[in-house]
$ cat data-v7.txt   # compact mmCIF, N, CA and C atoms
# COMPACT_ATOMS: atom_id res chain seq x y z
N MET A 264 -20.70 64.75 -2.69
CA MET A 264 -21.86 63.89 -2.70
C MET A 264 -22.58 64.06 -1.36
N THR A 265 -23.87 64.37 -1.43
CA THR A 265 -24.66 64.51 -0.21
C THR A 265 -25.58 63.33 -0.05
N PHE A 266 -25.80 62.97 1.20
CA PHE A 266 -26.66 61.84 1.50
C PHE A 266 -28.01 62.34 1.98
N PRO A 267 -29.06 61.61 1.68
CA PRO A 267 -30.38 62.02 2.18
C PRO A 267 -30.42 61.82 3.71
N PRO A 268 -31.25 62.58 4.40
CA PRO A 268 -31.32 62.43 5.86
C PRO A 268 -31.82 61.04 6.23
N ALA A 269 -31.30 60.55 7.30
CA ALA A 269 -31.71 59.22 7.79
C ALA A 269 -33.18 59.27 8.20
N PRO A 270 -33.90 58.16 8.08
CA PRO A 270 -35.32 58.15 8.43
C PRO A 270 -35.57 58.60 9.87
N LEU A 271 -34.69 58.25 10.79
CA LEU A 271 -34.86 58.62 12.18
C LEU A 271 -34.79 60.14 12.34
N GLN A 272 -33.85 60.76 11.64
CA GLN A 272 -33.73 62.21 11.73
C GLN A 272 -34.98 62.89 11.18
N THR A 273 -35.54 62.35 10.13
CA THR A 273 -36.75 62.92 9.55
C THR A 273 -37.91 62.80 10.52
N GLU A 274 -38.03 61.64 11.16
CA GLU A 274 -39.11 61.43 12.12
C GLU A 274 -38.95 62.35 13.33
N GLU A 275 -37.72 62.54 13.80
CA GLU A 275 -37.49 63.44 14.93
C GLU A 275 -37.89 64.87 14.58
N ALA A 276 -37.58 65.29 13.38
CA ALA A 276 -37.94 66.64 12.95
C ALA A 276 -39.46 66.80 12.92
N LYS A 277 -40.18 65.79 12.43
CA LYS A 277 -41.64 65.85 12.40
C LYS A 277 -42.21 65.92 13.82
N GLN A 278 -41.63 65.12 14.74
CA GLN A 278 -42.09 65.14 16.13
C GLN A 278 -41.83 66.50 16.77
N ASP A 279 -40.67 67.07 16.49
CA ASP A 279 -40.36 68.39 17.04
C ASP A 279 -41.34 69.44 16.54
N GLU A 280 -41.65 69.40 15.26
CA GLU A 280 -42.58 70.36 14.70
C GLU A 280 -43.97 70.17 15.28
N ALA A 281 -44.37 68.92 15.49
CA ALA A 281 -45.70 68.63 16.02
C ALA A 281 -45.82 69.00 17.50
N SER A 282 -44.73 68.93 18.24
CA SER A 282 -44.81 69.15 19.68
C SER A 282 -44.50 70.58 20.10
N THR A 283 -44.26 71.47 19.17
CA THR A 283 -43.97 72.86 19.57
C THR A 283 -45.17 73.51 20.22
N GLY A 284 -46.36 73.06 19.92
CA GLY A 284 -47.56 73.63 20.55
C GLY A 284 -47.66 73.29 22.03
N ASP A 285 -47.08 72.17 22.48
CA ASP A 285 -47.16 71.78 23.88
C ASP A 285 -46.51 72.83 24.78
N GLY A 286 -45.38 73.32 24.39
CA GLY A 286 -44.69 74.34 25.18
C GLY A 286 -45.49 75.63 25.23
N GLU A 287 -46.21 75.92 24.16
CA GLU A 287 -47.03 77.13 24.13
C GLU A 287 -48.15 77.04 25.16
N ASP A 288 -48.73 75.85 25.34
CA ASP A 288 -49.78 75.69 26.33
C ASP A 288 -49.25 75.96 27.73
N LEU A 289 -48.08 75.45 28.04
CA LEU A 289 -47.46 75.70 29.34
C LEU A 289 -47.18 77.18 29.50
N HIS A 290 -46.70 77.81 28.45
CA HIS A 290 -46.41 79.25 28.50
C HIS A 290 -47.69 80.03 28.80
N LYS A 291 -48.80 79.65 28.18
CA LYS A 291 -50.07 80.34 28.43
C LYS A 291 -50.55 80.11 29.85
N ASP A 292 -50.35 78.89 30.38
CA ASP A 292 -50.78 78.59 31.75
C ASP A 292 -50.04 79.46 32.75
N VAL A 293 -48.75 79.63 32.56
CA VAL A 293 -47.93 80.36 33.52
C VAL A 293 -47.95 81.86 33.25
N HIS A 294 -47.92 82.26 31.99
CA HIS A 294 -47.79 83.66 31.63
C HIS A 294 -49.04 84.26 31.02
N GLY A 295 -50.15 83.56 31.10
CA GLY A 295 -51.37 84.03 30.46
C GLY A 295 -51.84 85.36 30.99
N GLY A 296 -52.66 86.05 30.21
CA GLY A 296 -53.13 87.38 30.57
C GLY A 296 -53.90 87.41 31.88
N THR A 297 -54.70 86.39 32.18
CA THR A 297 -55.48 86.41 33.40
C THR A 297 -54.65 86.00 34.60
N SER A 298 -53.49 85.42 34.40
CA SER A 298 -52.67 84.98 35.51
C SER A 298 -51.65 86.02 35.94
N ARG A 299 -51.60 87.14 35.27
CA ARG A 299 -50.61 88.15 35.58
C ARG A 299 -51.17 89.15 36.57
N GLY A 300 -50.27 89.78 37.28
CA GLY A 300 -50.64 90.87 38.17
C GLY A 300 -51.36 90.41 39.41
N GLN A 301 -51.97 91.38 40.07
CA GLN A 301 -52.61 91.12 41.34
C GLN A 301 -53.81 90.20 41.20
N SER A 302 -54.56 90.30 40.12
CA SER A 302 -55.72 89.42 39.96
C SER A 302 -55.31 87.97 39.88
N GLY A 303 -54.16 87.69 39.27
CA GLY A 303 -53.66 86.32 39.20
C GLY A 303 -53.28 85.78 40.57
N TRP A 304 -52.67 86.64 41.39
CA TRP A 304 -52.30 86.22 42.74
C TRP A 304 -53.54 86.01 43.61
N LEU A 305 -54.56 86.87 43.43
CA LEU A 305 -55.80 86.70 44.19
C LEU A 305 -56.51 85.41 43.78
N LYS A 306 -56.51 85.14 42.49
CA LYS A 306 -57.12 83.90 41.99
C LYS A 306 -56.38 82.68 42.57
N LEU A 307 -55.05 82.75 42.62
CA LEU A 307 -54.26 81.66 43.19
C LEU A 307 -54.58 81.51 44.67
N ALA A 308 -54.63 82.62 45.42
CA ALA A 308 -54.92 82.56 46.86
C ALA A 308 -56.30 81.98 47.11
N PHE A 309 -57.27 82.37 46.31
CA PHE A 309 -58.62 81.83 46.46
C PHE A 309 -58.64 80.32 46.19
N GLY A 310 -58.00 79.91 45.12
CA GLY A 310 -57.95 78.48 44.80
C GLY A 310 -57.26 77.67 45.89
N LEU A 311 -56.17 78.20 46.44
CA LEU A 311 -55.48 77.50 47.52
C LEU A 311 -56.33 77.44 48.78
N THR A 312 -57.08 78.51 49.05
CA THR A 312 -57.97 78.52 50.22
C THR A 312 -59.05 77.47 50.09
N VAL A 313 -59.63 77.35 48.92
CA VAL A 313 -60.67 76.34 48.70
C VAL A 313 -60.09 74.94 48.87
N ARG A 314 -58.94 74.69 48.24
CA ARG A 314 -58.32 73.36 48.35
C ARG A 314 -57.91 73.05 49.78
N ALA A 315 -57.42 74.06 50.53
CA ALA A 315 -57.02 73.86 51.92
C ALA A 315 -58.23 73.58 52.80
N ALA A 316 -59.37 74.19 52.51
CA ALA A 316 -60.59 73.94 53.28
C ALA A 316 -61.06 72.50 53.12
N ILE A 317 -60.81 71.94 51.96
CA ILE A 317 -61.21 70.56 51.68
C ILE A 317 -60.22 69.57 52.29
N ASN A 318 -58.95 69.93 52.30
CA ASN A 318 -57.89 69.02 52.75
C ASN A 318 -57.07 69.67 53.88
N PRO A 319 -57.34 69.32 55.13
CA PRO A 319 -56.63 69.94 56.26
C PRO A 319 -55.12 69.72 56.23
N ARG A 320 -54.65 68.58 55.76
CA ARG A 320 -53.20 68.34 55.69
C ARG A 320 -52.55 69.32 54.73
N LEU A 321 -53.21 69.57 53.62
CA LEU A 321 -52.71 70.56 52.67
C LEU A 321 -52.71 71.95 53.30
N ALA A 322 -53.73 72.26 54.08
CA ALA A 322 -53.79 73.57 54.76
C ALA A 322 -52.57 73.75 55.65
N LEU A 323 -52.22 72.73 56.40
CA LEU A 323 -51.05 72.80 57.27
C LEU A 323 -49.77 72.95 56.45
N ASP A 324 -49.66 72.22 55.35
CA ASP A 324 -48.49 72.34 54.48
C ASP A 324 -48.36 73.76 53.92
N LEU A 325 -49.47 74.34 53.50
CA LEU A 325 -49.44 75.69 52.93
C LEU A 325 -49.11 76.75 53.99
N ILE A 326 -49.63 76.58 55.20
CA ILE A 326 -49.31 77.53 56.27
C ILE A 326 -47.83 77.49 56.58
N LYS A 327 -47.27 76.30 56.68
CA LYS A 327 -45.83 76.17 56.95
C LYS A 327 -45.01 76.74 55.80
N LEU A 328 -45.47 76.55 54.59
CA LEU A 328 -44.76 77.09 53.43
C LEU A 328 -44.76 78.62 53.44
N VAL A 329 -45.91 79.22 53.67
CA VAL A 329 -46.00 80.68 53.71
C VAL A 329 -45.14 81.22 54.85
N TRP A 330 -45.18 80.57 56.00
CA TRP A 330 -44.40 81.04 57.15
C TRP A 330 -42.90 80.97 56.85
N SER A 331 -42.47 79.96 56.11
CA SER A 331 -41.04 79.83 55.81
C SER A 331 -40.55 80.90 54.83
N PHE A 332 -41.46 81.46 54.02
CA PHE A 332 -41.08 82.48 53.04
C PHE A 332 -41.21 83.90 53.57
N ARG A 333 -41.68 84.08 54.79
CA ARG A 333 -41.91 85.42 55.33
C ARG A 333 -40.62 86.23 55.39
N ALA A 334 -40.79 87.53 55.34
CA ALA A 334 -39.65 88.44 55.46
C ALA A 334 -39.20 88.48 56.93
N ARG A 335 -37.92 88.57 57.13
CA ARG A 335 -37.42 88.72 58.49
C ARG A 335 -37.85 90.08 59.03
N ASN A 336 -38.17 90.14 60.28
CA ASN A 336 -38.63 91.38 60.93
C ASN A 336 -39.86 91.97 60.24
N TRP A 337 -40.75 91.12 59.77
CA TRP A 337 -41.95 91.54 59.07
C TRP A 337 -42.86 92.40 59.95
N TYR A 338 -42.77 92.24 61.23
CA TYR A 338 -43.64 92.96 62.18
C TYR A 338 -43.17 94.39 62.43
N ARG A 339 -42.06 94.80 61.82
CA ARG A 339 -41.53 96.14 62.05
C ARG A 339 -41.88 97.16 60.97
N SER A 340 -42.45 96.69 59.88
CA SER A 340 -42.79 97.63 58.81
C SER A 340 -44.13 97.26 58.19
N PRO A 341 -44.86 98.28 57.70
CA PRO A 341 -46.16 98.01 57.08
C PRO A 341 -45.99 97.09 55.88
N PRO A 342 -46.90 96.25 55.60
CA PRO A 342 -48.26 96.11 56.09
C PRO A 342 -48.37 95.22 57.33
N PHE A 343 -47.29 94.93 58.01
CA PHE A 343 -47.28 94.14 59.25
C PHE A 343 -47.88 92.75 59.02
N LEU A 344 -47.56 92.16 57.90
CA LEU A 344 -48.01 90.81 57.55
C LEU A 344 -46.79 89.95 57.22
N PRO A 345 -46.83 88.69 57.58
CA PRO A 345 -45.69 87.81 57.29
C PRO A 345 -45.66 87.35 55.83
N VAL A 346 -45.40 88.28 54.93
CA VAL A 346 -45.32 87.97 53.51
C VAL A 346 -43.87 88.08 53.04
N PRO A 347 -43.51 87.36 51.98
CA PRO A 347 -42.13 87.44 51.50
C PRO A 347 -41.85 88.79 50.84
N PRO A 348 -40.59 89.20 50.84
CA PRO A 348 -40.23 90.45 50.14
C PRO A 348 -40.57 90.33 48.64
N ARG A 349 -41.01 91.42 48.06
CA ARG A 349 -41.40 91.42 46.64
C ARG A 349 -40.22 91.01 45.75
N THR A 350 -39.02 91.48 46.06
CA THR A 350 -37.86 91.13 45.23
C THR A 350 -37.59 89.62 45.28
N TYR A 351 -37.78 89.02 46.45
CA TYR A 351 -37.58 87.57 46.58
C TYR A 351 -38.62 86.81 45.75
N THR A 352 -39.87 87.24 45.84
CA THR A 352 -40.93 86.58 45.08
C THR A 352 -40.68 86.69 43.58
N ARG A 353 -40.28 87.87 43.13
CA ARG A 353 -39.99 88.05 41.71
C ARG A 353 -38.83 87.17 41.26
N TRP A 354 -37.80 87.07 42.11
CA TRP A 354 -36.66 86.21 41.78
C TRP A 354 -37.09 84.75 41.70
N ARG A 355 -37.93 84.30 42.66
CA ARG A 355 -38.42 82.91 42.63
C ARG A 355 -39.22 82.63 41.37
N MET A 356 -40.05 83.57 40.96
CA MET A 356 -40.84 83.37 39.75
C MET A 356 -39.95 83.37 38.51
N TYR A 357 -38.92 84.20 38.51
CA TYR A 357 -38.01 84.22 37.37
C TYR A 357 -37.25 82.91 37.26
N THR A 358 -36.74 82.40 38.37
CA THR A 358 -35.97 81.15 38.32
C THR A 358 -36.85 79.94 38.02
N ALA A 359 -38.11 79.99 38.42
CA ALA A 359 -39.00 78.85 38.18
C ALA A 359 -39.67 78.90 36.81
N TYR A 360 -40.09 80.10 36.38
CA TYR A 360 -40.90 80.21 35.17
C TYR A 360 -40.32 81.10 34.09
N GLY A 361 -39.19 81.74 34.37
CA GLY A 361 -38.55 82.58 33.37
C GLY A 361 -39.18 83.94 33.20
N ASP A 362 -40.04 84.34 34.12
CA ASP A 362 -40.71 85.64 34.04
C ASP A 362 -40.96 86.13 35.46
N GLU A 363 -40.48 87.31 35.77
CA GLU A 363 -40.63 87.85 37.12
C GLU A 363 -42.08 88.10 37.48
N ASP A 364 -42.93 88.31 36.51
CA ASP A 364 -44.34 88.62 36.76
C ASP A 364 -45.24 87.39 36.69
N ALA A 365 -44.67 86.22 36.54
CA ALA A 365 -45.48 85.01 36.43
C ALA A 365 -46.17 84.71 37.75
N VAL A 366 -47.32 84.08 37.66
CA VAL A 366 -48.05 83.58 38.82
C VAL A 366 -48.09 82.06 38.66
N PRO A 367 -47.60 81.33 39.67
CA PRO A 367 -47.53 79.88 39.50
C PRO A 367 -48.91 79.24 39.42
N PRO A 368 -49.04 78.18 38.65
CA PRO A 368 -50.30 77.45 38.60
C PRO A 368 -50.61 76.84 39.98
N LEU A 369 -51.86 76.68 40.27
CA LEU A 369 -52.33 76.14 41.54
C LEU A 369 -51.67 74.80 41.86
N ASP A 370 -51.65 73.91 40.90
CA ASP A 370 -51.09 72.58 41.13
C ASP A 370 -49.60 72.63 41.43
N ASP A 371 -48.87 73.58 40.87
CA ASP A 371 -47.44 73.71 41.17
C ASP A 371 -47.23 74.08 42.63
N VAL A 372 -48.04 74.98 43.15
CA VAL A 372 -47.89 75.40 44.55
C VAL A 372 -48.22 74.23 45.48
N ILE A 373 -49.28 73.52 45.19
CA ILE A 373 -49.67 72.38 46.01
C ILE A 373 -48.60 71.30 45.97
N ARG A 374 -48.10 71.02 44.78
CA ARG A 374 -47.05 70.00 44.63
C ARG A 374 -45.78 70.42 45.39
N PHE A 375 -45.43 71.70 45.33
CA PHE A 375 -44.24 72.17 46.03
C PHE A 375 -44.43 72.09 47.54
N ALA A 376 -45.61 72.44 48.05
CA ALA A 376 -45.87 72.37 49.50
C ALA A 376 -45.76 70.94 50.00
N ARG A 377 -46.31 70.00 49.25
CA ARG A 377 -46.22 68.58 49.65
C ARG A 377 -44.79 68.07 49.54
N TRP A 378 -44.11 68.45 48.48
CA TRP A 378 -42.72 68.03 48.31
C TRP A 378 -41.87 68.55 49.46
N ARG A 379 -42.07 69.79 49.86
CA ARG A 379 -41.33 70.39 50.95
C ARG A 379 -41.58 69.63 52.25
N ARG A 380 -42.82 69.27 52.52
CA ARG A 380 -43.14 68.50 53.74
C ARG A 380 -42.43 67.16 53.73
N GLU A 381 -42.47 66.47 52.61
CA GLU A 381 -41.84 65.16 52.53
C GLU A 381 -40.33 65.25 52.62
N LEU A 382 -39.75 66.26 51.98
CA LEU A 382 -38.30 66.43 51.99
C LEU A 382 -37.79 66.80 53.37
N MET A 383 -38.48 67.72 54.03
CA MET A 383 -38.04 68.20 55.33
C MET A 383 -38.62 67.38 56.49
N ARG A 384 -39.44 66.41 56.15
CA ARG A 384 -40.09 65.55 57.14
C ARG A 384 -40.84 66.37 58.19
N LEU A 385 -41.66 67.30 57.71
CA LEU A 385 -42.43 68.16 58.60
C LEU A 385 -43.76 67.53 58.95
$ encode --input "data-v7.txt" --output "C-alpha cells"
Amino acid sequence: MTFPPAPLQTEEAKQDEASTGDGEDLHKDVHGGTSRGQSGWLKLAFGLTVRAAINPRLALDLIKLVWSFRARNWYRSPPFLPVPPRTYTRWRMYTAYGDEDAVPPLDDVIRFARWRRELMRL
C-alpha cells in the first residue's frame, strides 16, 4: 500500500522547481560570456576605479586588498607589478565560484574588501 505524498512535500517540490532559475541568474552573473577573460577583468577594474574615486575609504580598502594579494618578490620578474600569481588567482576563483576563469562581480569584491578591513581592524 502506497501513501500519497504529504502536502508539505508537494509544496517543497513546487518551490524547488520554481526557484531553479535563481541559481541560473547567479551563474550568468559570475560565468557570463562578457565576464570571462581579460575583458571581464578590465571591466571589473574600471568599475572598482570608479567606485573608489567616489568613496575614498573604499579606495584605501581596495589598495590594501590588492597589496595583500601581491606575489612575493614581485619586483624581480616582469611585469614588475605587485599582482597576485595567476595560479593563485585561478585557485581563488575556483574555490569561490567553482570556475577558474570566473571574474567576480563588482559587489563581491567591494563586500570582501570591507569585510577584510572590519575583520582585521585595518
$ residues_around --input "data-v7.txt" --residues "Phe375 of chain A" --least-positions-apart "2" --cutoff "12 Å" --atoms "only C-alpha atoms" --output "ChimeraX atom specification"
/A:321,324-325,327-329,359,367-373,377-383
$ closest_residue --input "data-v7.txt" --among "A:Ala376, A:Ser340, A:Tyr360, A:Arg384" --to "Ile326 of chain A" --atoms "only C-alpha atoms"
A:Ala376
$ atom_distance --input "data-v7.txt" --atom1 "atom N of Trp337 of chain A" --atom2 "atom C of Ala316 of chain A"
28.3 Å
$ closest_residue --input "data-v7.txt" --among "A:Val346, A:Val366, A:Val313, A:Ala308" --to "Ser331 of chain A" --atoms "only C-alpha atoms"
A:Val346
$ atom_distance --input "data-v7.txt" --atom1 "atom CA of Pro342 of chain A" --atom2 "atom CA of Ala365 of chain A"
22.7 Å
$ atom_distance --input "data-v7.txt" --atom1 "atom CA of Gly361 of chain A" --atom2 "atom CA of Ala334 of chain A"
22.9 Å
$ residues_near_point --input "data-v7.txt" --point "(-45.5, 86.6, 50.1)" --cutoff "8 Å" --atoms "only C-alpha atoms" --output "PyMOL selection string"
chain A and resi 329+332-333+345-349+352
$ write_last_selection --input "data-v7.txt" --atoms "N, CA and C atoms" --output "PDB file, keeping the file's coordinate frame"
ATOM      1  N   VAL A 329     -45.910  79.220  53.670  1.00  0.00           N
ATOM      2  CA  VAL A 329     -46.000  80.680  53.710  1.00  0.00           C
ATOM      3  C   VAL A 329     -45.140  81.220  54.850  1.00  0.00           C
ATOM      4  N   PHE A 332     -41.460  81.460  54.020  1.00  0.00           N
ATOM      5  CA  PHE A 332     -41.080  82.480  53.040  1.00  0.00           C
ATOM      6  C   PHE A 332     -41.210  83.900  53.570  1.00  0.00           C
ATOM      7  N   ARG A 333     -41.680  84.080  54.790  1.00  0.00           N
ATOM      8  CA  ARG A 333     -41.910  85.420  55.330  1.00  0.00           C
ATOM      9  C   ARG A 333     -40.620  86.230  55.390  1.00  0.00           C
ATOM     10  N   PRO A 345     -46.830  88.690  57.580  1.00  0.00           N
ATOM     11  CA  PRO A 345     -45.690  87.810  57.290  1.00  0.00           C
ATOM     12  C   PRO A 345     -45.660  87.350  55.830  1.00  0.00           C
ATOM     13  N   VAL A 346     -45.400  88.280  54.930  1.00  0.00           N
ATOM     14  CA  VAL A 346     -45.320  87.970  53.510  1.00  0.00           C
ATOM     15  C   VAL A 346     -43.870  88.080  53.040  1.00  0.00           C
ATOM     16  N   PRO A 347     -43.510  87.360  51.980  1.00  0.00           N
ATOM     17  CA  PRO A 347     -42.130  87.440  51.500  1.00  0.00           C
ATOM     18  C   PRO A 347     -41.850  88.790  50.840  1.00  0.00           C
ATOM     19  N   PRO A 348     -40.590  89.200  50.840  1.00  0.00           N
ATOM     20  CA  PRO A 348     -40.230  90.450  50.140  1.00  0.00           C
ATOM     21  C   PRO A 348     -40.570  90.330  48.640  1.00  0.00           C
ATOM     22  N   ARG A 349     -41.010  91.420  48.060  1.00  0.00           N
ATOM     23  CA  ARG A 349     -41.400  91.420  46.640  1.00  0.00           C
ATOM     24  C   ARG A 349     -40.220  91.010  45.750  1.00  0.00           C
ATOM     25  N   THR A 352     -39.870  87.240  45.840  1.00  0.00           N
ATOM     26  CA  THR A 352     -40.930  86.580  45.080  1.00  0.00           C
ATOM     27  C   THR A 352     -40.680  86.690  43.580  1.00  0.00           C
TER      28      THR A 352
END
$ axis_aligned_box --input "data-v7.txt" --around "segment 307-314 of chain A" --padding-each-side "5 Å" --output "JSON"
{"center_x": -57.5, "center_y": 77.9, "center_z": 46.4, "size_x": 16.4, "size_y": 19.7, "size_z": 17.6}
$ residues_around --input "data-v7.txt" --residues "Asp364 of chain A" --least-positions-apart "3" --cutoff "6.5 Å" --atoms "only N, CA and C atoms" --output "ChimeraX atom specification"
/A:299-300,353,356-357
